[in-house]
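What follows is the content of run08.txt, which has compact mmCIF, C-alpha atoms:
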# COMPACT_ATOMS: atom_id res chain seq x y z
CA MET Z 1 -2.33 9.23 -29.27
CA GLY Z 2 1.19 7.91 -29.84
CA VAL Z 3 1.71 5.57 -32.78
CA MET Z 4 3.64 2.32 -32.20
CA THR Z 5 5.59 1.27 -35.27
CA ALA Z 6 8.57 -0.82 -34.16
CA GLN Z 7 8.22 -4.55 -34.81
CA ASP Z 8 9.34 -5.54 -31.33
CA GLU Z 9 7.09 -3.08 -29.53
CA THR Z 10 4.58 -5.83 -28.74
CA SER Z 11 7.13 -7.66 -26.61
CA ARG Z 12 7.59 -4.77 -24.19
CA ALA Z 13 5.34 -3.52 -21.42
CA ALA Z 14 3.86 -0.05 -21.86
CA ILE Z 15 3.98 3.17 -19.88
CA LEU Z 16 0.94 5.31 -20.69
CA THR Z 17 0.84 9.08 -20.18
CA VAL Z 18 -2.40 11.07 -20.51
CA ASP Z 19 -2.53 14.89 -20.57
CA ASP Z 20 -4.83 17.20 -22.52
CA ASP Z 21 -2.11 19.86 -22.87
CA PRO Z 22 -0.14 18.89 -26.01
CA GLY Z 23 3.02 20.61 -24.79
CA VAL Z 24 2.96 18.89 -21.40
CA SER Z 25 2.00 15.59 -23.01
CA ARG Z 26 4.97 15.71 -25.37
CA ALA Z 27 7.32 16.75 -22.54
CA VAL Z 28 6.27 13.83 -20.31
CA ALA Z 29 6.57 11.34 -23.16
CA ARG Z 30 9.98 12.78 -24.14
CA ASP Z 31 11.39 12.48 -20.63
CA LEU Z 32 10.00 8.96 -20.20
CA ARG Z 33 11.25 7.82 -23.60
CA ARG Z 34 14.73 9.15 -22.90
CA GLN Z 35 15.03 7.09 -19.70
CA TYR Z 36 12.84 4.04 -20.38
CA GLY Z 37 12.38 3.86 -24.16
CA GLY Z 38 14.83 1.00 -24.49
CA ARG Z 39 12.88 -1.26 -22.15
CA TYR Z 40 9.27 -0.03 -22.28
CA ARG Z 41 6.86 1.31 -24.86
CA ILE Z 42 5.90 4.91 -24.19
CA VAL Z 43 2.29 5.50 -25.23
CA ARG Z 44 0.91 9.06 -25.26
CA ALA Z 45 -2.73 10.19 -25.23
CA GLU Z 46 -4.06 13.77 -25.22
CA SER Z 47 -7.45 13.05 -23.68
CA ALA Z 48 -8.90 10.66 -21.13
CA ARG Z 49 -11.12 9.08 -23.76
CA ASP Z 50 -8.14 8.42 -26.06
CA GLY Z 51 -6.27 6.99 -23.10
CA LEU Z 52 -9.08 4.52 -22.32
CA ASP Z 53 -9.29 3.55 -26.01
CA ALA Z 54 -5.54 2.86 -26.02
CA LEU Z 55 -5.85 0.70 -22.89
CA ARG Z 56 -8.73 -1.30 -24.39
CA GLN Z 57 -6.79 -1.87 -27.63
CA MET Z 58 -3.73 -3.05 -25.70
CA LYS Z 59 -5.92 -5.31 -23.57
CA LEU Z 60 -7.41 -6.94 -26.69
CA ARG Z 61 -3.90 -7.51 -28.08
CA GLY Z 62 -2.75 -9.09 -24.85
CA ASP Z 63 -0.25 -6.32 -24.10
CA VAL Z 64 0.73 -5.42 -20.56
CA VAL Z 65 0.79 -1.95 -19.01
CA ALA Z 66 3.21 -1.22 -16.19
CA VAL Z 67 2.54 2.43 -15.26
CA ILE Z 68 -0.21 4.95 -16.05
CA LEU Z 69 0.40 8.68 -15.54
CA ALA Z 70 -2.62 10.96 -15.84
CA ASP Z 71 -3.09 14.72 -15.43
CA TYR Z 72 -5.68 15.71 -12.83
CA ARG Z 73 -7.25 18.67 -14.69
CA MET Z 74 -8.70 17.38 -17.96
CA PRO Z 75 -12.00 18.26 -19.68
CA GLU Z 76 -14.87 15.74 -19.81
CA MET Z 77 -13.14 13.46 -17.31
CA ASN Z 78 -10.57 14.40 -14.66
CA GLY Z 79 -7.52 12.29 -13.86
CA ILE Z 80 -9.12 10.53 -10.90
CA GLU Z 81 -12.16 9.50 -12.93
CA PHE Z 82 -9.87 8.32 -15.72
CA LEU Z 83 -7.70 6.22 -13.38
CA GLU Z 84 -10.81 4.71 -11.80
CA GLN Z 85 -11.92 3.42 -15.22
CA ALA Z 86 -8.37 2.41 -16.13
CA MET Z 87 -8.29 0.18 -13.02
CA ASP Z 88 -11.09 -1.93 -14.53
CA ILE Z 89 -8.93 -2.62 -17.60
CA TYR Z 90 -5.47 -2.92 -16.01
CA PRO Z 91 -5.85 -3.32 -12.23
CA GLY Z 92 -2.19 -4.30 -11.87
CA ALA Z 93 -0.76 -1.16 -13.49
CA ARG Z 94 0.81 1.38 -11.13
CA ARG Z 95 -1.06 4.70 -11.08
CA VAL Z 96 0.38 8.23 -10.89
CA LEU Z 97 -1.57 11.49 -10.82
CA LEU Z 98 0.09 14.61 -12.26
CA THR Z 99 -1.14 17.63 -10.34
CA ALA Z 100 -0.49 21.26 -9.55
CA TYR Z 101 0.23 22.31 -5.97
CA ALA Z 102 -3.32 23.70 -5.60
CA ASP Z 103 -4.78 20.24 -6.32
CA THR Z 104 -2.79 18.20 -3.80
CA GLY Z 105 -5.89 17.80 -1.61
CA ALA Z 106 -7.70 16.01 -4.42
CA ALA Z 107 -4.61 13.90 -5.06
CA ILE Z 108 -4.51 12.78 -1.43
CA ASP Z 109 -8.21 11.85 -1.56
CA ALA Z 110 -7.49 9.80 -4.69
CA ILE Z 111 -5.17 7.50 -2.73
CA ASN Z 112 -8.24 5.67 -1.38
CA VAL Z 113 -10.58 6.23 -4.33
CA VAL Z 114 -8.33 4.74 -7.03
CA ASP Z 115 -5.60 3.14 -4.92
CA LEU Z 116 -3.20 5.82 -6.17
CA ASP Z 117 0.45 4.83 -5.97
CA HIS Z 118 1.92 8.33 -6.23
CA TYR Z 119 1.02 11.92 -7.04
CA LEU Z 120 3.59 14.04 -8.84
CA LEU Z 121 3.69 17.81 -8.65
CA LYS Z 122 4.22 19.77 -11.87
CA PRO Z 123 6.73 20.84 -13.01
CA TRP Z 124 8.94 17.83 -12.38
CA ASP Z 125 12.25 19.43 -13.45
CA PRO Z 126 14.82 18.08 -13.18
CA PRO Z 127 13.39 14.64 -14.04
CA GLU Z 128 16.51 12.94 -12.71
CA GLU Z 129 15.49 14.04 -9.21
CA LYS Z 130 11.69 14.27 -9.28
CA LEU Z 131 10.38 11.97 -12.03
CA TYR Z 132 12.74 9.07 -12.60
CA PRO Z 133 13.11 7.96 -8.94
CA VAL Z 134 9.30 7.75 -8.67
CA VAL Z 135 8.90 5.77 -11.89
CA ASP Z 136 11.84 3.53 -10.99
CA ALA Z 137 10.21 2.58 -7.69
CA LEU Z 138 6.85 1.92 -9.36
CA LEU Z 139 8.40 -0.24 -12.07
CA ASP Z 140 10.29 -2.24 -9.44
CA ALA Z 141 7.05 -2.82 -7.52
CA TRP Z 142 5.22 -3.77 -10.72
CA LEU Z 143 7.91 -6.26 -11.72
CA ARG Z 144 7.72 -7.91 -8.28
CA SER Z 145 3.96 -8.34 -8.71
CA ASP Z 146 4.62 -10.70 -11.64
CA HIS Z 147 2.16 -8.64 -13.71
CA ARG Z 148 -0.82 -10.51 -12.35
CA PRO Z 149 -4.12 -8.63 -11.93
CA VAL Z 150 -4.66 -7.38 -8.41
CA PRO Z 151 -7.47 -9.34 -6.68
CA GLU Z 152 -10.21 -6.94 -5.71
CA THR Z 153 -11.79 -6.69 -2.29
CA LYS Z 154 -15.23 -5.05 -2.25
CA VAL Z 155 -16.49 -2.98 0.67
CA VAL Z 156 -20.21 -2.18 0.86
CA GLY Z 157 -21.29 0.34 3.47
CA HIS Z 158 -22.68 3.73 4.33
CA ARG Z 159 -20.52 6.77 3.89
CA TRP Z 160 -21.44 8.14 7.35
CA SER Z 161 -20.76 4.90 9.22
CA ALA Z 162 -17.80 5.12 11.59
CA ARG Z 163 -16.98 1.43 11.30
CA CYS Z 164 -17.11 1.59 7.49
CA SER Z 165 -14.58 4.42 7.59
CA GLU Z 166 -12.37 2.40 9.94
CA VAL Z 167 -12.42 -0.62 7.61
CA ARG Z 168 -11.53 1.53 4.60
CA GLU Z 169 -8.69 3.15 6.54
CA PHE Z 170 -7.44 -0.24 7.72
CA LEU Z 171 -7.33 -1.59 4.16
CA ALA Z 172 -5.74 1.56 2.77
CA ARG Z 173 -3.03 1.76 5.43
CA ASN Z 174 -2.19 -1.91 4.89
CA GLN Z 175 -2.09 -1.31 1.12
CA VAL Z 176 -4.85 -3.78 0.34
CA PRO Z 177 -6.56 -2.87 -2.97
CA TYR Z 178 -10.31 -2.50 -2.55
CA ARG Z 179 -13.34 -0.91 -4.17
CA TRP Z 180 -15.98 1.00 -2.25
CA TYR Z 181 -19.73 0.71 -2.91
CA ASN Z 182 -22.40 2.82 -1.22
CA SER Z 183 -25.10 0.62 0.25
CA ASP Z 184 -27.87 2.92 -1.01
CA GLU Z 185 -26.74 2.81 -4.65
CA PRO Z 186 -27.84 0.13 -7.16
CA GLU Z 187 -24.50 -1.69 -7.43
CA GLY Z 188 -24.08 -1.74 -3.67
CA GLN Z 189 -27.60 -3.11 -3.24
CA ARG Z 190 -26.92 -5.83 -5.81
CA LEU Z 191 -23.81 -6.89 -3.90
CA LEU Z 192 -25.73 -6.96 -0.61
CA GLU Z 193 -28.43 -9.10 -2.20
CA ALA Z 194 -25.83 -11.52 -3.60
CA ALA Z 195 -24.24 -11.74 -0.15
CA GLN Z 196 -27.70 -12.35 1.41
CA ALA Z 197 -27.16 -9.35 3.70
CA ASP Z 198 -30.02 -7.10 4.77
CA GLY Z 199 -27.89 -3.95 4.82
CA LEU Z 200 -28.62 -3.26 8.49
CA GLU Z 201 -25.22 -4.55 9.61
CA LEU Z 202 -22.46 -2.73 7.74
CA PRO Z 203 -19.90 -2.85 6.33
CA VAL Z 204 -20.08 -6.03 4.30
CA VAL Z 205 -16.66 -6.94 2.93
CA ILE Z 206 -16.52 -9.33 -0.02
CA THR Z 207 -13.11 -10.98 -0.35
CA PRO Z 208 -11.46 -11.67 -3.72
CA ASP Z 209 -12.65 -15.28 -3.31
CA GLY Z 210 -16.26 -14.07 -3.15
CA ASP Z 211 -16.80 -14.74 0.56
CA PRO Z 212 -18.88 -12.08 2.38
CA LEU Z 213 -17.81 -10.83 5.83
CA VAL Z 214 -20.45 -8.92 7.79
CA GLU Z 215 -19.07 -6.33 10.21
CA PRO Z 216 -15.67 -8.09 10.37
CA THR Z 217 -13.14 -7.30 13.07
CA ASP Z 218 -9.72 -6.10 12.00
CA ALA Z 219 -8.27 -9.54 12.79
CA GLU Z 220 -10.91 -11.33 10.70
CA LEU Z 221 -10.41 -8.89 7.87
CA ALA Z 222 -6.62 -9.20 7.92
CA SER Z 223 -6.70 -13.00 7.82
CA ARG Z 224 -9.03 -13.00 4.79
CA VAL Z 225 -7.32 -10.38 2.62
CA GLY Z 226 -3.84 -11.84 2.67
CA LEU Z 227 -2.17 -10.11 5.63
CA ALA Z 228 0.06 -12.20 7.89
CA THR Z 229 -1.50 -12.55 11.34
CA THR Z 230 0.22 -15.61 12.82
CA PRO Z 231 3.94 -16.30 13.18
CA SER Z 232 5.49 -18.76 10.76
CA GLU Z 233 8.32 -19.75 13.11
CA ASP Z 234 8.46 -21.12 16.65
CA PHE Z 235 11.52 -19.10 17.60
CA TYR Z 236 12.88 -15.65 16.69
CA ASP Z 237 16.10 -13.88 17.48
CA LEU Z 238 14.48 -10.45 17.46
CA ILE Z 239 10.93 -9.29 18.11
CA VAL Z 240 9.90 -5.70 17.42
CA ILE Z 241 6.59 -4.57 18.90
CA GLY Z 242 5.23 -1.52 17.12
CA GLY Z 243 5.45 -0.83 13.38
CA GLY Z 244 6.11 2.90 13.27
CA PRO Z 245 9.23 4.32 11.57
CA ALA Z 246 11.43 3.35 14.53
CA GLY Z 247 10.01 -0.17 14.66
CA LEU Z 248 10.41 -0.64 10.92
CA GLY Z 249 13.98 0.64 11.18
CA ALA Z 250 14.73 -1.85 13.96
CA ALA Z 251 13.31 -4.67 11.83
CA VAL Z 252 15.45 -3.63 8.86
CA TYR Z 253 18.63 -3.49 10.93
CA GLY Z 254 17.96 -6.76 12.72
CA ALA Z 255 17.00 -8.72 9.61
CA SER Z 256 19.91 -7.28 7.61
CA GLU Z 257 22.27 -8.67 10.26
CA GLY Z 258 20.87 -12.16 9.75
CA LEU Z 259 18.63 -12.25 12.83
CA ARG Z 260 15.33 -14.11 12.64
CA THR Z 261 13.13 -11.04 12.98
CA VAL Z 262 9.40 -10.53 13.43
CA LEU Z 263 7.60 -7.20 13.72
CA VAL Z 264 4.25 -7.20 15.54
CA GLU Z 265 1.81 -4.37 14.78
CA ARG Z 266 -1.72 -3.98 16.15
CA THR Z 267 -3.24 -2.08 13.22
CA ALA Z 268 -0.96 -1.11 10.33
CA THR Z 269 2.69 -0.32 9.81
CA GLY Z 270 3.72 3.32 9.62
CA GLY Z 271 2.19 4.59 12.84
CA GLN Z 272 1.18 8.25 12.91
CA ALA Z 273 3.81 9.08 10.30
CA GLY Z 274 2.16 6.67 7.88
CA GLN Z 275 -0.97 8.84 7.84
CA SER Z 276 0.87 12.09 7.03
CA SER Z 277 0.20 13.53 3.58
CA ARG Z 278 3.73 14.88 3.31
CA ILE Z 279 6.86 14.64 5.47
CA GLU Z 280 9.61 17.12 4.68
CA ASN Z 281 11.94 16.71 7.66
CA TYR Z 282 12.83 13.02 7.24
CA LEU Z 283 16.49 12.25 6.55
CA GLY Z 284 17.23 11.44 2.92
CA PHE Z 285 14.12 13.03 1.37
CA PRO Z 286 14.96 16.69 0.65
CA ASP Z 287 11.86 17.10 -1.55
CA GLY Z 288 9.57 15.45 0.98
CA VAL Z 289 7.74 12.12 0.92
CA SER Z 290 4.25 11.01 1.88
CA GLY Z 291 3.85 8.89 4.96
CA ALA Z 292 2.33 6.08 2.89
CA GLN Z 293 5.32 6.03 0.53
CA LEU Z 294 7.81 6.11 3.40
CA THR Z 295 6.00 3.24 5.12
CA ASP Z 296 5.80 1.19 1.93
CA ARG Z 297 9.53 1.56 1.25
CA ALA Z 298 10.49 0.73 4.83
CA ARG Z 299 8.22 -2.31 4.94
CA ARG Z 300 9.50 -3.60 1.60
CA GLN Z 301 13.06 -3.09 2.80
CA ALA Z 302 12.37 -5.06 5.99
CA THR Z 303 10.74 -7.97 4.16
CA LYS Z 304 13.52 -7.92 1.56
CA PHE Z 305 15.94 -8.90 4.32
CA GLY Z 306 13.58 -11.60 5.57
CA ALA Z 307 11.74 -9.84 8.41
CA GLU Z 308 8.22 -11.12 9.08
CA VAL Z 309 5.43 -8.58 9.64
CA LEU Z 310 2.34 -9.53 11.66
CA THR Z 311 -0.73 -7.30 11.90
CA THR Z 312 -3.79 -7.11 14.19
CA ARG Z 313 -1.88 -8.54 17.10
CA ASN Z 314 -1.49 -7.24 20.64
CA GLY Z 315 1.43 -9.67 21.14
CA VAL Z 316 1.87 -12.01 24.06
CA LEU Z 317 5.52 -12.96 24.48
CA ARG Z 318 7.00 -15.73 26.60
CA VAL Z 319 10.75 -15.28 26.87
CA ARG Z 320 12.87 -18.37 27.41
CA PRO Z 321 16.34 -18.39 28.96
CA ASP Z 322 19.24 -17.89 26.57
CA ARG Z 323 22.18 -20.27 26.37
CA GLY Z 324 23.82 -18.56 29.33
CA GLY Z 325 20.75 -19.16 31.48
CA ARG Z 326 19.76 -15.50 31.55
CA VAL Z 327 16.07 -14.65 31.33
CA PRO Z 328 15.14 -11.17 30.12
CA GLY Z 329 12.04 -10.03 31.96
CA ALA Z 330 12.23 -13.03 34.36
CA GLY Z 331 10.37 -15.19 31.81
CA ARG Z 332 6.99 -13.77 32.70
CA VAL Z 333 4.12 -13.37 30.26
CA HIS Z 334 3.25 -9.76 29.51
CA ARG Z 335 -0.08 -8.78 28.03
CA ARG Z 336 -1.26 -5.65 26.24
CA ARG Z 337 0.31 -2.57 27.78
CA ARG Z 338 2.78 -4.53 29.84
CA GLU Z 339 5.67 -5.26 27.50
CA LEU Z 340 9.31 -6.11 27.71
CA GLY Z 341 11.72 -3.21 27.80
CA ARG Z 342 14.68 -2.84 25.47
CA ALA Z 343 17.27 -5.58 25.59
CA GLY Z 344 20.34 -6.10 23.44
CA GLY Z 345 23.11 -8.63 23.05
CA GLY Z 346 21.58 -11.05 25.55
CA VAL Z 347 21.92 -8.57 28.41
CA PRO Z 348 19.26 -9.46 31.00
CA VAL Z 349 16.78 -6.69 31.77
CA ALA Z 350 13.76 -6.48 34.02
CA ALA Z 351 10.31 -5.98 32.61
CA ARG Z 352 8.84 -2.56 33.15
CA GLU Z 353 5.41 -0.99 32.76
CA VAL Z 354 5.39 1.20 29.65
CA GLY Z 355 1.85 2.55 29.97
CA ASP Z 356 0.63 4.35 26.86
CA ASP Z 357 4.08 4.82 25.34
CA PRO Z 358 3.53 3.97 21.64
CA GLY Z 359 7.21 3.48 20.83
CA PRO Z 360 8.62 0.12 19.72
CA ARG Z 361 9.86 -2.41 22.24
CA VAL Z 362 12.70 -4.62 21.07
CA VAL Z 363 13.44 -8.02 22.57
CA ALA Z 364 16.78 -9.60 21.63
CA GLY Z 365 17.79 -13.18 22.36
CA GLU Z 366 16.06 -16.50 21.70
CA VAL Z 367 12.34 -16.18 22.38
CA ASP Z 368 9.18 -18.20 22.08
CA VAL Z 369 6.32 -16.20 20.52
CA LEU Z 370 2.75 -16.83 21.66
CA LEU Z 371 0.30 -14.64 19.76
CA PRO Z 372 -3.33 -15.67 20.37
CA ASP Z 373 -6.26 -13.81 18.90
CA GLN Z 374 -6.43 -10.56 20.85
CA ALA Z 375 -7.66 -7.91 18.45
CA ASP Z 376 -9.17 -4.85 20.11
CA ARG Z 377 -12.31 -5.03 18.04

Would you kindly transcribe this structure into structure tokens?
Amino acid sequence: MGVMTAQDETSRAAILTVDDDPGVSRAVARDLRRQYGGRYRIVRAESARDGLDALRQMKLRGDVVAVILADYRMPEMNGIEFLEQAMDIYPGARRVLLTAYADTGAAIDAINVVDLDHYLLKPWDPPEEKLYPVVDALLDAWLRSDHRPVPETKVVGHRWSARCSEVREFLARNQVPYRWYNSDEPEGQRLLEAAQADGLELPVVITPDGDPLVEPTDAELASRVGLATTPSEDFYDLIVIGGGPAGLGAAVYGASEGLRTVLVERTATGGQAGQSSRIENYLGFPDGVSGAQLTDRARRQATKFGAEVLTTRNGVLRVRPDRGGRVPGAGRVHRRRRELGRAGGGVPVAAREVGDDPGPRVVAGEVDVLLPDQADR
């Protein structure tokens, strides 16, 4: 394990790297120290057990840990098992799994098990292209979190339950940290007893505030785990319906131009692309990017410019006349599959039936947003 000797080391956050191969361990620490050594402590461990000991010691000293990188293939405890235990000590630290190409399936599974932020294929040469951009993004996200521990949502259910799987997918796609407990295991049974649930109606979701939700709908779940479900403004300049890549792009462009922008999404941003394990044909990512990472970056970019993102809504929009007296869509109310077509620059357009077309629908001009509770489930 790396030795920390500098007097001012205690004032800096740490980046921990864990790999049982001494050569790889030294290489990772060397590359990280070269780029981040001036701002962060680089702590190295050559086993999962040493890594956990280092985290516990730092926790006792009141140190903070920004990023944890762990190799997947380690004796006694693999990288996923290590990161799962590391979450209990530093839930706010960003987590990266170092893996070979043959183990990418396990890395993808780890996204839900340990709320993995990124998996990095070895080798990562050159680090300027494959390592540093990843760590930069994670450090930026960690700094924005204000280093506070991530509140934990608990989900108790049965592994073969369809609704339990849907709830876990909903939380994962909306990037809500949670921990899964099997209802037939002792810890899961203790949670069910504390929630006064009989275990016949699953899942039971326990919010960070300790409130149990039995078989919650997506809308109920979203409102209790911190997702925005109701508009904060009475009027918007731009409404984007559908949060796939095109919808997120429209929200970014609209908000960056100073328009009051809201994006309405029924389930989770990212659409089908957000569920892809790897996308290699997207502009600007020659080495590929996961759908979750692409969605996260696009959503953060949209909110950075002030766009508002609403989830679990099947939007109902009432369009008011603009200053020139023009009424896009004749001012009618459109529900569910009947949405307003594309409109730009205040040009009046007629509403049209879009059927099952999942693409975004953009409404430009001054609008009044009415979004009552209309979740599918």

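Distance annotation: of Z:Ala13, Z:Ala194, Z:Ala48, Z:Met87, the residue with the minimal separation from Pro75 of chain Z is Z:Ala48; atom set is all atoms listed in the file.
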
_Ranking Z:Pro203, Z:Thr311, Z:Leu97, Z:Ser183 by minimum distance to Glu84 of chain Z and counting all atoms listed in the file, which one comes first?_
Z:Leu97

*When distances are computed from all atoms listed in the file, which of Z:Asn174, Z:Thr295, Z:Gln272, Z:Gln196 shows the smallest separation from Asp218 of chain Z?*
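For Asp218 of chain Z, the nearest of the candidates is Z:Asn174.
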
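The shortest atom-to-atom distance to Pro127 of chain Z, with only C-alpha atoms taken into account, belongs to Z:Arg34 out of Z:Arg34, Z:Arg39, Z:Arg49, Z:Arg94.
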
*Which neighbours of Leu32 of chain Z fall inside 9 Å, counting only C-alpha atoms, when residues of the same chain fewer than 2 positions from it are skipped, and could you give them as number ranges by chain?*
Z: 15, 27-30, 34-37, 42, 131-132, 135

*Which residues come within 9 Å of Pro208 of chain Z, counting all atoms listed in the file, excluding same-chain residues fewer than 2 positions away, as a PyMOL selection string?*
chain Z and resi 151-154+206+210-211+224-225

*Work out how far apart atom CA of Pro212 of chain Z and atom CA of Leu191 of chain Z are and give it in Å to one decimal.*
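Value for the atom CA of Pro212 of chain Z-atom CA of Leu191 of chain Z distance: 9.5 Å.
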
*Write out as a ChimeraX atom specification each polymer residue whose atoms come within 7 Å of Lys122 of chain Z, counting all atoms listed in the file; drop sequence neighbours fewer than 5 positions from it.*
/Z:98-100

File dump, residues just selected, C-alpha atoms, as a short mmCIF file (atom, residue, chain, number, x, y, z; two decimals), in the coordinates of the input:
data_model
loop_
_atom_site.label_atom_id
_atom_site.label_comp_id
_atom_site.auth_asym_id
_atom_site.auth_seq_id
_atom_site.Cartn_x
_atom_site.Cartn_y
_atom_site.Cartn_z
CA LEU Z 98 0.09 14.61 -12.26
CA THR Z 99 -1.14 17.63 -10.34
CA ALA Z 100 -0.49 21.26 -9.55
#

*Got a sec to check which residues sit within 10 Å of (-18.6, -6.0, 2.1), counting only C-alpha atoms, and write them as a ChimeraX atom specification?*
/Z:153-157,164,167,179-181,183,188,191-192,195,197,199,202-207,210-216

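For Gly306 of chain Z, the set of protein, DNA and RNA residues having any atom at most 7 Å away, when counting all atoms listed in the file and skipping those fewer than 3 positions along the same chain, is Z:Ala255, Z:Ala302, Z:Thr303.
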
*asked:* Would you compute the distance between atom CA of Tyr253 of chain Z and atom CA of Ala172 of chain Z? Give it in Å to one decimal.
replied: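 That distance, rounded to one decimal, is 26.2 Å.
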
*Å distance separating atom CA of Val262 of chain Z from atom CA of Leu294 of chain Z, one decimal place*: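 Straight-line distance from atom CA of Val262 of chain Z to atom CA of Leu294 of chain Z works out to 19.5 Å.
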
*If you count all atoms listed in the file, which residues fall within 6 Å of segment 226-231 of chain Z, apart from same-chain ones fewer than 3 positions away, as a PyMOL selection string?*
chain Z and resi 222-223+310-311
